[in-house]
Amino acid sequence: MSLTITTWNVNSVRLRLDGLARLANEIRPDVICLQEIKVANELFPHQAIEALGYTHQAVHGQAGYHGVAVLSKLPIEEALPMHWCGKDDSRHLRVRINGFDLHNFYIPAGGDVPDRELNEKFGHKLDFLAELTEWFGKGAVQSGRAVLVGDLNIAPLETDVWSHKQLLKVVSHTPIEVERLNALQASAGWVDAVRKVIPPDNRLYSWWSYRAKDWSASDRGRRLDHIWVTPDLEPDIQHADVLRAARGWDRPSDHAPVTVML
DNA sequence: ATGGTTGCACGGCAA
């Protein structure tokens, strides 16, 4: 028995229905976790997605910004929209599928300036990570078997960015962010499932800016999207991949889907 | 050093 989970920052779910159909046909994930759906709950395109075989859907939407959703071929036994840092941003949806916990995150991007004194968005990003770390550290993962996915908006490894040196002061790859992400990972012993399959000596990206003239030729990417599992699931990791081709589809998201098969 | 693109609440803001 296997379970395939894909995470994808779609940058507007309503503009990415063709892409979702393609993902459903080409990868056939059992569960798809979306970020940046950019739509209120009542406007979520439930029927179009149901027609792709994802009859179970949990949505934690928001008009205009952010928003996360879980699409599943298996029943969603419980869905908990979560909130952090005293804000009502829709950035975390916790669901229970097949008896395991799945956490779908859209971590704050953090703005442009990597200094919390000058840029409160950067402070929010650091605080968000710290709150999660404390929460997971207190035993939020109870069942033992759990999966954490999403756009974590941090590329932790040198091989997760096109130029480690040139990105050290760029939000997403600064030392303080990497430190906070590593602390989050340690909080519940999370294992980076993608890097278990594709070792850290290989460059790997999941996001390329819209602003490049030729995103593929310049290939200035970053690995911002992640799939982590608890240690007891580590032996079950069968396969992992980034669907880089999706970045070249018509009207693409700036993120490519990341998939792990357990 | 600057500007480059996309998507949303149609226009400034976030990414």
# chains A, B, ... in the order shown; residues from 1 in each chain; ligands from 1
$ interface_residues --of "chain A" --to "chain B" --cutoff "6 Å" --atoms "only C-alpha atoms (C1' of nucleotides)" --output "PDB file with N, CA, C and O atoms, in the first residue's frame"
ATOM      1  N   GLY A  64      -8.026  37.104  -1.557  1.00  0.00           N
ATOM      2  CA  GLY A  64      -6.884  37.893  -2.018  1.00  0.00           C
ATOM      3  C   GLY A  64      -5.511  37.365  -1.692  1.00  0.00           C
ATOM      4  O   GLY A  64      -4.631  37.363  -2.550  1.00  0.00           O
ATOM      5  N   TYR A 210       9.114  34.872 -11.488  1.00  0.00           N
ATOM      6  CA  TYR A 210       8.443  35.267 -12.732  1.00  0.00           C
ATOM      7  C   TYR A 210       9.267  36.302 -13.493  1.00  0.00           C
ATOM      8  O   TYR A 210       9.022  36.552 -14.673  1.00  0.00           O
ATOM      9  N   ARG A 211      10.205  36.953 -12.794  1.00  0.00           N
ATOM     10  CA  ARG A 211      10.866  38.114 -13.397  1.00  0.00           C
ATOM     11  C   ARG A 211      12.021  37.763 -14.325  1.00  0.00           C
ATOM     12  O   ARG A 211      12.517  38.629 -15.032  1.00  0.00           O
TER      13      ARG A 211
END
$ select_by_dssp --residues "segment 156-252 of chain A" --states "alpha helix (DSSP H)" --output "list in words"
His164, Lys165, Gln166, Leu167, Pro175, Ile176, Glu177, Val178, Glu179, Arg180, Leu181, Asn182, Ala183, Leu184, Gln185, Ala186, Ser187, Ala193, Val194, Arg195, Lys196, Val197, Trp215, Ser216, Ala217 and Ser218 of chain A
$ residues_around --residues "segment 71-83 of chain A" --least-positions-apart "6" --cutoff "7 Å" --atoms "only C-alpha atoms (C1' of nucleotides)" --output "list in words"
Asp30, Val31, Ile32, Cys33, Gly53, Tyr54, Thr55, His56, Gln57, Ala58, His60, Asp89, Ser90, His92, Leu93, Arg94, Val95, Arg96 and Ile97 of chain A
$ residues_around --residues "Thr133 of chain A" --least-positions-apart "3" --cutoff "10 Å" --atoms "only C-alpha atoms (C1' of nucleotides)" --output "list in words"
Asp127, Phe128, Leu129, Ala130, Phe136, Gly137, Lys138, Ala140, Arg180, Leu181, Asn182, Ala183, Leu184, Gln185, Ala186, Ser187 and Ala188 of chain A
$ write_last_selection --atoms "all heavy atoms" --output "short mmCIF file (atom, residue, chain, number, x, y, z; two decimals), in the first residue's frame"
data_model
loop_
_atom_site.label_atom_id
_atom_site.label_comp_id
_atom_site.auth_asym_id
_atom_site.auth_seq_id
_atom_site.Cartn_x
_atom_site.Cartn_y
_atom_site.Cartn_z
N ASP A 127 8.86 35.01 13.98
CA ASP A 127 7.97 34.68 15.10
C ASP A 127 7.08 33.49 14.78
O ASP A 127 6.81 32.65 15.64
CB ASP A 127 7.09 35.90 15.45
CG ASP A 127 7.91 37.05 16.01
OD1 ASP A 127 9.07 36.83 16.41
OD2 ASP A 127 7.38 38.18 16.05
N PHE A 128 6.61 33.44 13.55
CA PHE A 128 5.77 32.32 13.10
C PHE A 128 6.53 31.01 13.27
O PHE A 128 6.01 30.03 13.83
CB PHE A 128 5.40 32.56 11.63
CG PHE A 128 4.29 31.68 11.10
CD1 PHE A 128 3.00 32.19 10.97
CD2 PHE A 128 4.53 30.38 10.70
CE1 PHE A 128 1.97 31.39 10.46
CE2 PHE A 128 3.51 29.58 10.19
CZ PHE A 128 2.23 30.09 10.07
N LEU A 129 7.77 30.99 12.81
CA LEU A 129 8.60 29.79 12.92
C LEU A 129 8.84 29.42 14.39
O LEU A 129 8.78 28.24 14.77
CB LEU A 129 9.93 30.00 12.21
CG LEU A 129 9.83 30.09 10.68
CD1 LEU A 129 11.05 30.79 10.10
CD2 LEU A 129 9.68 28.69 10.07
N ALA A 130 9.07 30.44 15.23
CA ALA A 130 9.33 30.18 16.65
C ALA A 130 8.09 29.62 17.35
O ALA A 130 8.19 28.70 18.16
CB ALA A 130 9.80 31.47 17.33
N PHE A 136 5.20 22.36 18.29
CA PHE A 136 5.59 20.98 17.98
C PHE A 136 6.46 20.40 19.10
O PHE A 136 6.38 19.22 19.42
CB PHE A 136 6.33 20.89 16.64
CG PHE A 136 5.42 20.92 15.44
CD1 PHE A 136 5.50 21.95 14.51
CD2 PHE A 136 4.48 19.92 15.23
CE1 PHE A 136 4.67 21.97 13.40
CE2 PHE A 136 3.63 19.93 14.12
CZ PHE A 136 3.73 20.96 13.21
N GLY A 137 7.27 21.27 19.70
CA GLY A 137 8.14 20.82 20.79
C GLY A 137 7.36 20.36 22.01
O GLY A 137 7.82 19.52 22.78
N LYS A 138 6.15 20.92 22.17
CA LYS A 138 5.30 20.53 23.31
C LYS A 138 4.52 19.26 23.04
O LYS A 138 3.68 18.87 23.84
CB LYS A 138 4.31 21.65 23.62
CG LYS A 138 4.90 22.81 24.39
CD LYS A 138 3.78 23.79 24.74
CE LYS A 138 4.31 25.10 25.25
NZ LYS A 138 3.28 26.16 25.14
N ALA A 140 2.78 18.39 19.85
CA ALA A 140 1.60 18.51 18.99
C ALA A 140 1.45 17.30 18.07
O ALA A 140 0.35 16.99 17.61
CB ALA A 140 1.69 19.78 18.16
N ARG A 180 16.21 29.08 12.19
CA ARG A 180 14.83 28.89 12.68
C ARG A 180 14.17 27.68 12.03
O ARG A 180 13.40 26.96 12.67
CB ARG A 180 13.99 30.14 12.40
CG ARG A 180 14.42 31.37 13.13
CD ARG A 180 13.78 31.50 14.50
NE ARG A 180 14.45 32.54 15.26
CZ ARG A 180 13.83 33.53 15.90
NH1 ARG A 180 12.52 33.61 15.90
NH2 ARG A 180 14.52 34.42 16.56
N LEU A 181 14.44 27.49 10.73
CA LEU A 181 13.85 26.33 10.06
C LEU A 181 14.42 25.04 10.63
O LEU A 181 13.69 24.07 10.84
CB LEU A 181 14.08 26.40 8.55
CG LEU A 181 13.27 25.36 7.76
CD1 LEU A 181 11.79 25.73 7.73
CD2 LEU A 181 13.79 25.21 6.34
N ASN A 182 15.72 25.04 10.88
CA ASN A 182 16.35 23.85 11.47
C ASN A 182 15.79 23.56 12.86
O ASN A 182 15.61 22.39 13.24
CB ASN A 182 17.87 24.01 11.51
CG ASN A 182 18.49 23.92 10.12
OD1 ASN A 182 17.89 23.38 9.20
ND2 ASN A 182 19.68 24.48 9.96
N ALA A 183 15.52 24.63 13.62
CA ALA A 183 14.93 24.44 14.95
C ALA A 183 13.53 23.84 14.83
O ALA A 183 13.16 22.95 15.61
CB ALA A 183 14.89 25.77 15.69
N LEU A 184 12.77 24.32 13.85
CA LEU A 184 11.43 23.75 13.62
C LEU A 184 11.53 22.27 13.26
O LEU A 184 10.78 21.43 13.76
CB LEU A 184 10.73 24.52 12.51
CG LEU A 184 9.37 23.98 12.05
CD1 LEU A 184 8.36 24.00 13.20
CD2 LEU A 184 8.83 24.79 10.87
N GLN A 185 12.49 21.96 12.41
CA GLN A 185 12.68 20.57 11.98
C GLN A 185 13.02 19.69 13.19
O GLN A 185 12.52 18.57 13.33
CB GLN A 185 13.79 20.52 10.93
CG GLN A 185 13.73 19.29 10.06
CD GLN A 185 14.70 19.36 8.89
OE1 GLN A 185 15.22 20.42 8.56
NE2 GLN A 185 14.94 18.23 8.28
N ALA A 186 13.84 20.22 14.07
CA ALA A 186 14.28 19.44 15.24
C ALA A 186 13.17 19.28 16.27
O ALA A 186 13.19 18.34 17.07
CB ALA A 186 15.49 20.12 15.88
N SER A 187 12.17 20.19 16.24
CA SER A 187 11.15 20.23 17.30
C SER A 187 10.36 18.93 17.41
O SER A 187 9.89 18.59 18.49
CB SER A 187 10.20 21.39 17.06
OG SER A 187 9.43 21.18 15.88
N ALA A 188 10.18 18.23 16.30
CA ALA A 188 9.46 16.96 16.36
C ALA A 188 10.28 15.88 15.65
O ALA A 188 9.73 14.86 15.23
CB ALA A 188 8.07 17.09 15.74
#
$ residues_around --residues "segment 195-199 of chain A" --least-positions-apart "4" --cutoff "9 Å" --atoms "only C-alpha atoms (C1' of nucleotides)" --output "VMD selection string"
chain A and resid 191 203 to 204 234 237 to 241
$ atom_distance --atom1 "atom CA of Arg244 of chain A" --atom2 "atom CA of Ala40 of chain A"
28.4 Å
$ atom_distance --atom1 "atom CA of Ser253 of chain A" --atom2 "atom CA of Lys121 of chain A"
22.7 Å
$ atom_distance --atom1 "atom CA of Arg91 of chain A" --atom2 "atom CA of His226 of chain A"
14.8 Å
$ select_by_dssp --residues "segment 59-219 of chain A" --states "strand (DSSP E)" --output "PyMOL selection string"
chain A and resi 59-60+68-72+76-82+92-97+100-106+146-151+191-192+207-208
$ residues_around --residues "Ala109 of chain A" --least-positions-apart "6" --cutoff "8 Å" --atoms "only C-alpha atoms (C1' of nucleotides)" --output "short mmCIF file (atom, residue, chain, number, x, y, z; two decimals) with N, CA, C and O atoms (P, O5', C5', C4', C3', O3' and C1' of nucleotides), in the first residue's frame"
data_model
loop_
_atom_site.label_atom_id
_atom_site.label_comp_id
_atom_site.auth_asym_id
_atom_site.auth_seq_id
_atom_site.Cartn_x
_atom_site.Cartn_y
_atom_site.Cartn_z
N LYS A 121 7.46 42.38 8.43
CA LYS A 121 7.12 41.09 7.80
C LYS A 121 8.20 40.05 8.10
O LYS A 121 7.90 38.85 8.26
N PHE A 122 9.44 40.50 8.14
CA PHE A 122 10.53 39.57 8.46
C PHE A 122 10.40 39.09 9.91
O PHE A 122 10.57 37.91 10.21
N LYS A 125 7.74 36.49 10.12
CA LYS A 125 8.22 35.19 9.64
C LYS A 125 9.00 34.47 10.74
O LYS A 125 8.76 33.28 11.01
N ASN A 153 8.99 28.77 2.49
CA ASN A 153 9.63 30.05 2.11
C ASN A 153 11.06 30.19 2.62
O ASN A 153 11.55 31.31 2.81
N VAL A 171 16.25 37.41 1.68
CA VAL A 171 15.21 36.72 2.46
C VAL A 171 14.85 35.40 1.77
O VAL A 171 14.60 35.37 0.56
N SER A 172 14.87 34.34 2.56
CA SER A 172 14.64 32.94 2.16
C SER A 172 15.89 32.09 2.38
O SER A 172 15.81 30.86 2.49
P DA B 15 3.72 38.52 1.50
"O5'" DA B 15 4.24 37.90 0.13
"C5'" DA B 15 3.37 37.07 -0.64
"C4'" DA B 15 4.04 36.75 -1.95
"C3'" DA B 15 5.46 36.20 -1.82
"O3'" DA B 15 5.49 34.90 -2.35
"C1'" DA B 15 5.33 37.82 -3.53
#
$ residues_around --residues "segment 12-23 of chain A" --least-positions-apart "2" --cutoff "7 Å" --atoms "only C-alpha atoms (C1' of nucleotides)" --output "JSON, numbers by chain"
{"A": [10, 25, 26, 27, 28, 36, 37, 38, 45, 52]}
$ write_last_selection --atoms "all heavy atoms" --output "PDB file, in the first residue's frame"
ATOM      1  N   VAL A  10       0.150  27.180  -5.676  1.00  0.00           N
ATOM      2  CA  VAL A  10      -0.474  27.400  -6.986  1.00  0.00           C
ATOM      3  C   VAL A  10      -0.546  28.868  -7.398  1.00  0.00           C
ATOM      4  O   VAL A  10      -0.786  29.160  -8.556  1.00  0.00           O
ATOM      5  CB  VAL A  10      -1.910  26.829  -7.061  1.00  0.00           C
ATOM      6  CG1 VAL A  10      -1.878  25.348  -7.320  1.00  0.00           C
ATOM      7  CG2 VAL A  10      -2.725  27.170  -5.839  1.00  0.00           C
ATOM      8  N   ASN A  25      -3.421  14.012 -13.618  1.00  0.00           N
ATOM      9  CA  ASN A  25      -3.239  12.966 -14.635  1.00  0.00           C
ATOM     10  C   ASN A  25      -1.828  12.422 -14.685  1.00  0.00           C
ATOM     11  O   ASN A  25      -1.627  11.222 -14.875  1.00  0.00           O
ATOM     12  CB  ASN A  25      -3.602  13.524 -16.017  1.00  0.00           C
ATOM     13  CG  ASN A  25      -5.100  13.625 -16.207  1.00  0.00           C
ATOM     14  OD1 ASN A  25      -5.850  12.785 -15.737  1.00  0.00           O
ATOM     15  ND2 ASN A  25      -5.536  14.679 -16.872  1.00  0.00           N
ATOM     16  N   GLU A  26      -0.849  13.302 -14.518  1.00  0.00           N
ATOM     17  CA  GLU A  26       0.542  12.883 -14.719  1.00  0.00           C
ATOM     18  C   GLU A  26       1.153  12.261 -13.474  1.00  0.00           C
ATOM     19  O   GLU A  26       1.962  11.338 -13.562  1.00  0.00           O
ATOM     20  CB  GLU A  26       1.385  14.083 -15.172  1.00  0.00           C
ATOM     21  CG  GLU A  26       0.996  14.543 -16.573  1.00  0.00           C
ATOM     22  CD  GLU A  26       1.817  15.739 -17.058  1.00  0.00           C
ATOM     23  OE1 GLU A  26       2.902  15.997 -16.488  1.00  0.00           O
ATOM     24  OE2 GLU A  26       1.373  16.393 -18.017  1.00  0.00           O
ATOM     25  N   ILE A  27       0.795  12.760 -12.315  1.00  0.00           N
ATOM     26  CA  ILE A  27       1.399  12.285 -11.059  1.00  0.00           C
ATOM     27  C   ILE A  27       0.425  11.396 -10.275  1.00  0.00           C
ATOM     28  O   ILE A  27       0.845  10.499  -9.543  1.00  0.00           O
ATOM     29  CB  ILE A  27       1.857  13.482 -10.193  1.00  0.00           C
ATOM     30  CG1 ILE A  27       2.766  14.410 -11.003  1.00  0.00           C
ATOM     31  CG2 ILE A  27       2.557  13.009  -8.926  1.00  0.00           C
ATOM     32  CD1 ILE A  27       4.097  13.820 -11.418  1.00  0.00           C
ATOM     33  N   ARG A  28      -0.849  11.657 -10.440  1.00  0.00           N
ATOM     34  CA  ARG A  28      -1.902  10.905  -9.743  1.00  0.00           C
ATOM     35  C   ARG A  28      -1.701  10.846  -8.232  1.00  0.00           C
ATOM     36  O   ARG A  28      -1.729   9.757  -7.635  1.00  0.00           O
ATOM     37  CB  ARG A  28      -2.017   9.484 -10.305  1.00  0.00           C
ATOM     38  CG  ARG A  28      -2.243   9.456 -11.803  1.00  0.00           C
ATOM     39  CD  ARG A  28      -2.746   8.123 -12.327  1.00  0.00           C
ATOM     40  NE  ARG A  28      -3.227   8.252 -13.698  1.00  0.00           N
ATOM     41  CZ  ARG A  28      -4.441   8.662 -14.036  1.00  0.00           C
ATOM     42  NH1 ARG A  28      -5.319   8.967 -13.097  1.00  0.00           N
ATOM     43  NH2 ARG A  28      -4.792   8.787 -15.289  1.00  0.00           N
ATOM     44  N   GLU A  36      -1.293  29.335  -1.182  1.00  0.00           N
ATOM     45  CA  GLU A  36      -1.618  30.556  -1.930  1.00  0.00           C
ATOM     46  C   GLU A  36      -2.783  30.338  -2.889  1.00  0.00           C
ATOM     47  O   GLU A  36      -2.704  30.680  -4.070  1.00  0.00           O
ATOM     48  CB  GLU A  36      -0.388  31.107  -2.672  1.00  0.00           C
ATOM     49  CG  GLU A  36       0.522  31.913  -1.762  1.00  0.00           C
ATOM     50  CD  GLU A  36       1.351  32.943  -2.522  1.00  0.00           C
ATOM     51  OE1 GLU A  36       2.400  32.595  -3.082  1.00  0.00           O
ATOM     52  OE2 GLU A  36       0.932  34.114  -2.542  1.00  0.00           O
ATOM     53  N   ILE A  37      -3.862  29.791  -2.347  1.00  0.00           N
ATOM     54  CA  ILE A  37      -5.055  29.601  -3.188  1.00  0.00           C
ATOM     55  C   ILE A  37      -5.725  30.946  -3.494  1.00  0.00           C
ATOM     56  O   ILE A  37      -6.453  31.065  -4.475  1.00  0.00           O
ATOM     57  CB  ILE A  37      -6.049  28.607  -2.557  1.00  0.00           C
ATOM     58  CG1 ILE A  37      -6.550  29.084  -1.199  1.00  0.00           C
ATOM     59  CG2 ILE A  37      -5.417  27.227  -2.469  1.00  0.00           C
ATOM     60  CD1 ILE A  37      -7.652  28.217  -0.598  1.00  0.00           C
ATOM     61  N   LYS A  38      -5.474  31.950  -2.670  1.00  0.00           N
ATOM     62  CA  LYS A  38      -5.932  33.322  -2.930  1.00  0.00           C
ATOM     63  C   LYS A  38      -7.425  33.407  -3.236  1.00  0.00           C
ATOM     64  O   LYS A  38      -7.830  34.087  -4.200  1.00  0.00           O
ATOM     65  CB  LYS A  38      -5.130  33.947  -4.082  1.00  0.00           C
ATOM     66  CG  LYS A  38      -3.672  34.222  -3.736  1.00  0.00           C
ATOM     67  CD  LYS A  38      -2.974  35.007  -4.822  1.00  0.00           C
ATOM     68  CE  LYS A  38      -1.569  35.404  -4.416  1.00  0.00           C
ATOM     69  NZ  LYS A  38      -0.869  36.131  -5.487  1.00  0.00           N
ATOM     70  N   PRO A  45     -13.172  26.531  -5.998  1.00  0.00           N
ATOM     71  CA  PRO A  45     -13.750  25.745  -7.100  1.00  0.00           C
ATOM     72  C   PRO A  45     -13.885  24.254  -6.770  1.00  0.00           C
ATOM     73  O   PRO A  45     -13.232  23.400  -7.378  1.00  0.00           O
ATOM     74  CB  PRO A  45     -12.758  25.969  -8.249  1.00  0.00           C
ATOM     75  CG  PRO A  45     -11.453  26.237  -7.572  1.00  0.00           C
ATOM     76  CD  PRO A  45     -11.787  26.953  -6.293  1.00  0.00           C
ATOM     77  N   LEU A  52     -11.809  15.955 -10.881  1.00  0.00           N
ATOM     78  CA  LEU A  52     -10.481  15.360 -11.093  1.00  0.00           C
ATOM     79  C   LEU A  52     -10.266  14.147 -10.195  1.00  0.00           C
ATOM     80  O   LEU A  52      -9.208  13.519 -10.239  1.00  0.00           O
ATOM     81  CB  LEU A  52      -9.389  16.405 -10.811  1.00  0.00           C
ATOM     82  CG  LEU A  52      -9.452  17.691 -11.647  1.00  0.00           C
ATOM     83  CD1 LEU A  52      -8.375  18.673 -11.185  1.00  0.00           C
ATOM     84  CD2 LEU A  52      -9.294  17.375 -13.127  1.00  0.00           C
TER      85      LEU A  52
END
$ decode --residues "chain B" --atoms "C-alpha atoms (C1' of nucleotides)" --output "CSV table (one decimal), in the first residue's frame"
chain,number,residue,atom,x,y,z
B,1,DA,C1',22.7,49.1,-8.8
B,2,DT,C1',18.4,48.5,-10.8
B,3,DG,C1',14.4,46.4,-12.5
B,4,DG,C1',12.4,42.7,-13.9
B,5,DT,C1',6.5,39.6,-13.5
B,6,DT,C1',2.3,38.0,-11.6
B,7,DG,C1',-2.2,38.0,-9.0
B,8,DC,C1',-5.6,40.1,-6.1
B,9,DA,C1',-9.8,43.2,-3.4
B,10,DC,C1',-8.7,47.2,-10.2
B,11,DG,C1',-4.9,49.5,-7.8
B,12,DG,C1',-1.5,49.6,-4.5
B,13,DC,C1',0.5,45.7,-2.3
B,14,DA,C1',2.5,41.2,-1.7
B,15,DA,C1',5.3,37.8,-3.5
